[in-house]
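Asker: One structure follows; several queries about it will come next.
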Amino acid sequence: MRFLGDDHLKQPAMQKELVQYANTYQGRKDLCIQNNVPKNRSVISVGGNRVSWLTDQKYPGINGAKREINETKELVSLTTSFRCRHVFPHRIHEANIKGTLPFDINTDFQRPFRKRKRLYIPGISVKEAVAASSRTFNIFSNPHPETTSTDGMCGITGGDLAWHDIVIGAGTNAWANLAWNFHIYIKTSATTNQWDSNRRAAYLFDTSSLTSSARIISATLSIMSHNPGQGDTHTSPLTMDSNVFTCSLASNTDIIAADYNVANWGTDELSTTIAYGDWETTDLRNEFLLNDLGLTTISKTAVTKLGIRDTKYDVADQLDPNNHDPIWSAYPQHTWFSVYFTDWTGSDNDPFITIVTLNPADFGVGLGI
């Protein structure tokens, strides 16, 4: 890898990716800025030895920060954290080696350089390098009445079953057209060591606007917590963790109880798991940065289907049956995450997916050559 200087980090395409990365749980952890940048502030720039964010941020999330900057007629107030020289290029390099960086700095965003009078970018053909420019898509599900996509949950409610039977059982309920609700949820039954409820959430997005020629370089599923965001009333807290998985619904525009069938849900993690204690609460966004496998699940010409599942008990039992039962403590006891869905009034709190692409259709744009 060639050294990343400020001139590399300032490239618009790389800066856009770094800002998206710095506003995820994994990115803040890799850059070691989680204790510097407040959880309710969004990083808007990353330099060789500094990160900056809005001192006062009115709207949540990075899209809210961009909106505030666009609305502000005068300069916004920024807070900047300075570190020792070139610390962030080294941390970015380490993240690239670990595989937690959402792009490859050796191939995707190195500054173009000339050799023998020809333009080269490592890992990208000359034609693609000249043709490619970065595009960002923020894509939402349809509110009711749905036309191409939906969001909501399905599950078992009112059961009196062993945990494994809850995981593999037939769904009894489905919820769509929601303003907010508990998107994953576990509840005890009145019978000791038996269980009443489990839920899985589905988020579908019409991503056909990407077009088949797009090269997807990052994607982030963003879900906003509905106050208070989470709860666990068990004497021995279950502290569910959550991640993104594939899901296959019978319809793109509705959710039915039969969609809960475990055969419709994948078990390969498509992002970094968000632990219960790291789940953002009270009208803050939780962002799942999709990994390489997750990027392959995005449809460029149709509807992308993503599911949220508990990893500790639901997915774990499917992979290793009867060895990951939650601890039953009493009845009724609940563990849940509450979130906004698309039918909440307006779109500021809606779930959405942000997809960044390199699109060869934009020939010659964005490389400064």
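In the structure tokens, each chain is lettered A, B, ... as it comes, each chain's residues begin at 1, and ligands are numbered from 1 in order of appearance.
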Show me, as a list in words, the residues that have an atom within 7 Å of segment 322-327 of chain A when counting only C-alpha atoms, minus same-chain residues fewer than 4 positions from it.
Answerer: Trp163, His164, Ser236, Leu238, Tyr313, Ala316 and Asp317 of chain A
Asker: Go ahead and dump the residues you just picked, all heavy atoms, as a CSV table (one decimal), in the first residue's frame.
Answerer:
```csv
chain,number,residue,atom,x,y,z
A,163,TRP,N,-38.0,-23.5,23.3
A,163,TRP,CA,-37.3,-22.4,22.5
A,163,TRP,C,-37.1,-22.9,21.1
A,163,TRP,O,-37.4,-22.2,20.1
A,163,TRP,CB,-36.1,-21.9,23.1
A,163,TRP,CG,-35.4,-20.9,22.2
A,163,TRP,CD1,-34.3,-21.0,21.5
A,163,TRP,CD2,-36.0,-19.6,22.0
A,163,TRP,NE1,-34.0,-19.8,20.8
A,163,TRP,CE2,-35.1,-18.9,21.1
A,163,TRP,CE3,-37.1,-18.9,22.4
A,163,TRP,CZ2,-35.3,-17.7,20.6
A,163,TRP,CZ3,-37.3,-17.6,21.9
A,163,TRP,CH2,-36.4,-17.0,21.0
A,164,HIS,N,-36.5,-24.1,20.9
A,164,HIS,CA,-36.3,-24.6,19.5
A,164,HIS,C,-37.5,-24.7,18.7
A,164,HIS,O,-37.5,-24.4,17.5
A,164,HIS,CB,-35.6,-26.0,19.6
A,164,HIS,CG,-35.3,-26.5,18.2
A,164,HIS,ND1,-34.4,-25.9,17.4
A,164,HIS,CD2,-35.7,-27.6,17.6
A,164,HIS,CE1,-34.3,-26.6,16.2
A,164,HIS,NE2,-35.1,-27.7,16.3
A,236,SER,N,-32.7,-12.4,34.7
A,236,SER,CA,-31.4,-12.6,34.1
A,236,SER,C,-31.5,-12.0,32.7
A,236,SER,O,-32.0,-12.7,31.8
A,236,SER,CB,-31.0,-14.1,34.0
A,236,SER,OG,-31.0,-14.6,35.3
A,238,LEU,N,-31.6,-11.0,28.9
A,238,LEU,CA,-31.2,-11.8,27.7
A,238,LEU,C,-30.2,-11.0,26.8
A,238,LEU,O,-29.4,-11.6,26.1
A,238,LEU,CB,-32.5,-12.1,26.9
A,238,LEU,CG,-33.5,-12.9,27.6
A,238,LEU,CD1,-34.6,-13.3,26.6
A,238,LEU,CD2,-33.0,-14.2,28.3
A,313,TYR,N,-29.9,-16.1,20.3
A,313,TYR,CA,-30.9,-17.2,20.6
A,313,TYR,C,-31.6,-17.7,19.3
A,313,TYR,O,-31.7,-18.9,19.1
A,313,TYR,CB,-31.9,-16.7,21.6
A,313,TYR,CG,-31.2,-16.1,22.8
A,313,TYR,CD1,-31.3,-14.7,23.0
A,313,TYR,CD2,-30.6,-16.9,23.7
A,313,TYR,CE1,-30.7,-14.1,24.1
A,313,TYR,CE2,-30.0,-16.3,24.8
A,313,TYR,CZ,-30.0,-14.9,25.0
A,313,TYR,OH,-29.4,-14.3,26.1
A,316,ALA,N,-28.6,-18.5,16.5
A,316,ALA,CA,-27.8,-19.5,17.2
A,316,ALA,C,-28.5,-20.9,17.3
A,316,ALA,O,-27.9,-21.9,17.0
A,316,ALA,CB,-27.3,-19.1,18.5
A,317,ASP,N,-29.8,-20.9,17.6
A,317,ASP,CA,-30.5,-22.2,17.8
A,317,ASP,C,-30.7,-22.8,16.4
A,317,ASP,O,-30.7,-24.0,16.3
A,317,ASP,CB,-31.8,-21.9,18.4
A,317,ASP,CG,-32.6,-23.2,18.6
A,317,ASP,OD1,-32.4,-23.9,19.7
A,317,ASP,OD2,-33.4,-23.6,17.7
```
Asker: How close does segment 275-356 of chain A get to segment 247-268 of chain A? List, as CSV, each residue of segment 275-356 of chain A within 9 Å, its nearest atom pair and the distance in Å to one decimal, counting only C-alpha atoms.
Answerer:
```
residue,atom,partner,partner_atom,distance
A:Leu293,CA,A:Asp268,CA,8.4
A:Val303,CA,A:Asn252,CA,7.5
A:Lys305,CA,A:Cys247,CA,5.9
A:Leu306,CA,A:Cys247,CA,5.7
A:Gly307,CA,A:Cys247,CA,5.3
A:Ile308,CA,A:Cys247,CA,8.8
A:Arg309,CA,A:Trp265,CA,8.9
A:Thr311,CA,A:Thr267,CA,8.9
A:Val315,CA,A:Thr267,CA,6.2
A:Ala316,CA,A:Thr267,CA,8.6
A:Gln318,CA,A:Thr267,CA,7.9
A:Leu319,CA,A:Thr267,CA,7.5
```
Asker: Take the residues from that selection and put them in a file with N, CA, C and O atoms, as a compact mmCIF listing (two decimals), in the first residue's frame.
Answerer:
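As written to disk, selection00.txt reads:
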```
# COMPACT_ATOMS: atom_id res chain seq x y z
N LEU A 293 -20.24 -9.98 1.76
CA LEU A 293 -21.36 -10.87 1.48
C LEU A 293 -22.66 -10.07 1.41
O LEU A 293 -23.51 -10.32 0.55
N VAL A 303 -35.74 -5.78 -6.22
CA VAL A 303 -35.94 -5.42 -4.82
C VAL A 303 -34.91 -6.13 -3.95
O VAL A 303 -34.70 -7.34 -4.07
N LYS A 305 -33.85 -7.48 -0.31
CA LYS A 305 -34.60 -7.97 0.86
C LYS A 305 -33.62 -8.26 2.00
O LYS A 305 -32.78 -9.15 1.88
N LEU A 306 -33.75 -7.51 3.08
CA LEU A 306 -32.87 -7.67 4.23
C LEU A 306 -33.72 -7.95 5.48
O LEU A 306 -34.79 -7.37 5.65
N GLY A 307 -33.21 -8.82 6.33
CA GLY A 307 -33.91 -9.14 7.57
C GLY A 307 -33.04 -8.84 8.77
O GLY A 307 -31.81 -8.87 8.69
N ILE A 308 -33.69 -8.53 9.90
CA ILE A 308 -32.99 -8.36 11.17
C ILE A 308 -33.43 -9.48 12.10
O ILE A 308 -34.62 -9.72 12.28
N ARG A 309 -32.44 -10.16 12.68
CA ARG A 309 -32.71 -11.26 13.61
C ARG A 309 -31.84 -11.12 14.85
O ARG A 309 -30.75 -10.54 14.80
N THR A 311 -29.20 -12.65 17.17
CA THR A 311 -28.14 -13.62 16.87
C THR A 311 -27.87 -14.59 18.01
O THR A 311 -27.45 -15.72 17.78
N VAL A 315 -30.87 -17.07 15.73
CA VAL A 315 -29.96 -17.62 14.72
C VAL A 315 -29.11 -18.74 15.32
O VAL A 315 -28.89 -19.78 14.68
N ALA A 316 -28.64 -18.54 16.55
CA ALA A 316 -27.77 -19.55 17.17
C ALA A 316 -28.47 -20.89 17.29
O ALA A 316 -27.87 -21.95 17.05
N GLN A 318 -30.93 -21.99 15.38
CA GLN A 318 -31.10 -22.56 14.05
C GLN A 318 -29.82 -23.27 13.60
O GLN A 318 -29.87 -24.33 12.97
N LEU A 319 -28.67 -22.69 13.93
CA LEU A 319 -27.39 -23.28 13.53
C LEU A 319 -26.98 -24.45 14.43
O LEU A 319 -26.32 -25.39 13.98
```
Asker: Provide the atom CA of Ser225 of chain A to atom CA of Asp278 of chain A distance in Å, to one decimal place.
Answerer: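 For atom CA of Ser225 of chain A relative to atom CA of Asp278 of chain A, the distance reads 12.1 Å.
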Asker: Excluding same-chain residues fewer than 6 positions from Trp53 of chain A, what lies within 12 Å of it counting only C-alpha atoms, as a list in words?
Answerer: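 Residues meeting the cut-off are Val19, Ala22, Asn23, Ile33, Asn36, Val37, Pro38, Lys39, Asn40, Arg41, Ser42, Val43, Ile44, Ser45, Val46, Gly61, Ile62, Ala65, Lys66, Glu68, Ile69, Val76, Ser77, Leu78, Thr79, Thr80 and Ser81 of chain A.
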Asker: Save out the residues we just selected, N, CA and C atoms, as an mmCIF file, in the first residue's frame.
Answerer:
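Just written: again00.cif:
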```
data_model
loop_
_atom_site.group_PDB
_atom_site.id
_atom_site.type_symbol
_atom_site.label_atom_id
_atom_site.label_comp_id
_atom_site.auth_asym_id
_atom_site.auth_seq_id
_atom_site.Cartn_x
_atom_site.Cartn_y
_atom_site.Cartn_z
ATOM 1 N N VAL A 19 -16.319 9.263 5.565
ATOM 2 C CA VAL A 19 -17.339 9.881 6.416
ATOM 3 C C VAL A 19 -18.435 8.864 6.743
ATOM 4 N N ALA A 22 -16.914 6.501 9.256
ATOM 5 C CA ALA A 22 -16.710 7.100 10.577
ATOM 6 C C ALA A 22 -18.014 7.299 11.335
ATOM 7 N N ASN A 23 -19.145 7.129 10.659
ATOM 8 C CA ASN A 23 -20.441 7.271 11.316
ATOM 9 C C ASN A 23 -21.111 5.930 11.569
ATOM 10 N N ILE A 33 -12.327 6.750 17.833
ATOM 11 C CA ILE A 33 -12.923 8.067 18.090
ATOM 12 C C ILE A 33 -14.243 7.952 18.832
ATOM 13 N N ASN A 36 -14.566 10.279 21.650
ATOM 14 C CA ASN A 36 -14.400 11.695 21.341
ATOM 15 C C ASN A 36 -15.634 12.300 20.689
ATOM 16 N N VAL A 37 -16.195 11.574 19.737
ATOM 17 C CA VAL A 37 -17.354 12.086 19.008
ATOM 18 C C VAL A 37 -18.624 11.661 19.736
ATOM 19 N N PRO A 38 -19.460 12.593 20.168
ATOM 20 C CA PRO A 38 -20.705 12.219 20.851
ATOM 21 C C PRO A 38 -21.562 11.316 19.967
ATOM 22 N N LYS A 39 -22.301 10.403 20.591
ATOM 23 C CA LYS A 39 -23.109 9.450 19.840
ATOM 24 C C LYS A 39 -24.150 10.136 18.967
ATOM 25 N N ASN A 40 -24.629 11.296 19.412
ATOM 26 C CA ASN A 40 -25.678 11.983 18.653
ATOM 27 C C ASN A 40 -25.118 13.051 17.720
ATOM 28 N N ARG A 41 -23.835 12.944 17.389
ATOM 29 C CA ARG A 41 -23.212 13.841 16.417
ATOM 30 C C ARG A 41 -22.659 13.004 15.267
ATOM 31 N N SER A 42 -22.652 13.568 14.077
ATOM 32 C CA SER A 42 -22.184 12.855 12.893
ATOM 33 C C SER A 42 -20.882 13.465 12.395
ATOM 34 N N VAL A 43 -19.890 12.606 12.178
ATOM 35 C CA VAL A 43 -18.626 13.053 11.597
ATOM 36 C C VAL A 43 -18.888 13.530 10.176
ATOM 37 N N ILE A 44 -18.350 14.705 9.811
ATOM 38 C CA ILE A 44 -18.565 15.230 8.462
ATOM 39 C C ILE A 44 -17.272 15.326 7.665
ATOM 40 N N SER A 45 -16.105 15.118 8.310
ATOM 41 C CA SER A 45 -14.851 15.089 7.553
ATOM 42 C C SER A 45 -13.798 14.322 8.340
ATOM 43 N N VAL A 46 -12.898 13.674 7.592
ATOM 44 C CA VAL A 46 -11.800 12.909 8.180
ATOM 45 C C VAL A 46 -10.512 13.333 7.492
ATOM 46 N N GLY A 61 -28.280 11.665 12.477
ATOM 47 C CA GLY A 61 -27.631 10.906 11.419
ATOM 48 C C GLY A 61 -26.844 11.772 10.454
ATOM 49 N N ILE A 62 -26.024 11.112 9.625
ATOM 50 C CA ILE A 62 -25.197 11.836 8.671
ATOM 51 C C ILE A 62 -26.054 12.570 7.652
ATOM 52 N N ALA A 65 -27.104 15.685 9.253
ATOM 53 C CA ALA A 65 -26.025 16.675 9.271
ATOM 54 C C ALA A 65 -25.907 17.371 7.919
ATOM 55 N N LYS A 66 -26.003 16.581 6.840
ATOM 56 C CA LYS A 66 -25.933 17.179 5.503
ATOM 57 C C LYS A 66 -27.098 18.132 5.277
ATOM 58 N N GLU A 68 -28.699 19.809 7.556
ATOM 59 C CA GLU A 68 -28.486 21.017 8.353
ATOM 60 C C GLU A 68 -27.472 21.944 7.688
ATOM 61 N N ILE A 69 -26.412 21.361 7.129
ATOM 62 C CA ILE A 69 -25.408 22.174 6.434
ATOM 63 C C ILE A 69 -26.035 22.868 5.230
ATOM 64 N N VAL A 76 -21.591 26.736 9.614
ATOM 65 C CA VAL A 76 -22.006 25.990 10.795
ATOM 66 C C VAL A 76 -20.835 25.903 11.766
ATOM 67 N N SER A 77 -21.156 25.672 13.035
ATOM 68 C CA SER A 77 -20.124 25.539 14.057
ATOM 69 C C SER A 77 -19.629 24.099 14.092
ATOM 70 N N LEU A 78 -18.310 23.925 13.972
ATOM 71 C CA LEU A 78 -17.712 22.595 13.955
ATOM 72 C C LEU A 78 -16.859 22.373 15.194
ATOM 73 N N THR A 79 -16.799 21.125 15.619
ATOM 74 C CA THR A 79 -15.849 20.707 16.644
ATOM 75 C C THR A 79 -14.867 19.750 15.986
ATOM 76 N N THR A 80 -13.582 19.954 16.223
ATOM 77 C CA THR A 80 -12.551 19.131 15.598
ATOM 78 C C THR A 80 -11.668 18.517 16.669
ATOM 79 N N SER A 81 -11.421 17.217 16.532
ATOM 80 C CA SER A 81 -10.512 16.507 17.427
ATOM 81 C C SER A 81 -9.213 16.252 16.674
#
```
Asker: Could you tell me how far atom CA of Glu17 of chain A sits from atom CA of Ile216 of chain A, in Å to one decimal place?
Answerer: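 So the two atoms, atom CA of Ile216 of chain A and atom CA of Glu17 of chain A, lie 12.0 Å apart.
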Asker: Could you check the closest approach to Thr273 of chain A for each of A:Thr157, A:Gln230, A:Thr24, A:Gln15 and tell me which residue wins, using only C-alpha atoms?
Answerer: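 Of the candidates, the smallest distance to Thr273 of chain A is held by A:Thr24.
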Asker: Between atom CA of Pro332 of chain A and atom CA of Asn243 of chain A, what is the distance in Å, rounded to a tenth?
Answerer: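 Taking atom CA of Pro332 of chain A as the start and atom CA of Asn243 of chain A as the end point, the length is 25.7 Å.
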Asker: Taking the DSSP secondary structure from the backbone, can you list the residues of segment 252-365 of chain A that are alpha helix (DSSP H), as a ChimeraX atom specification?
Answerer: /A:292-296,316-319
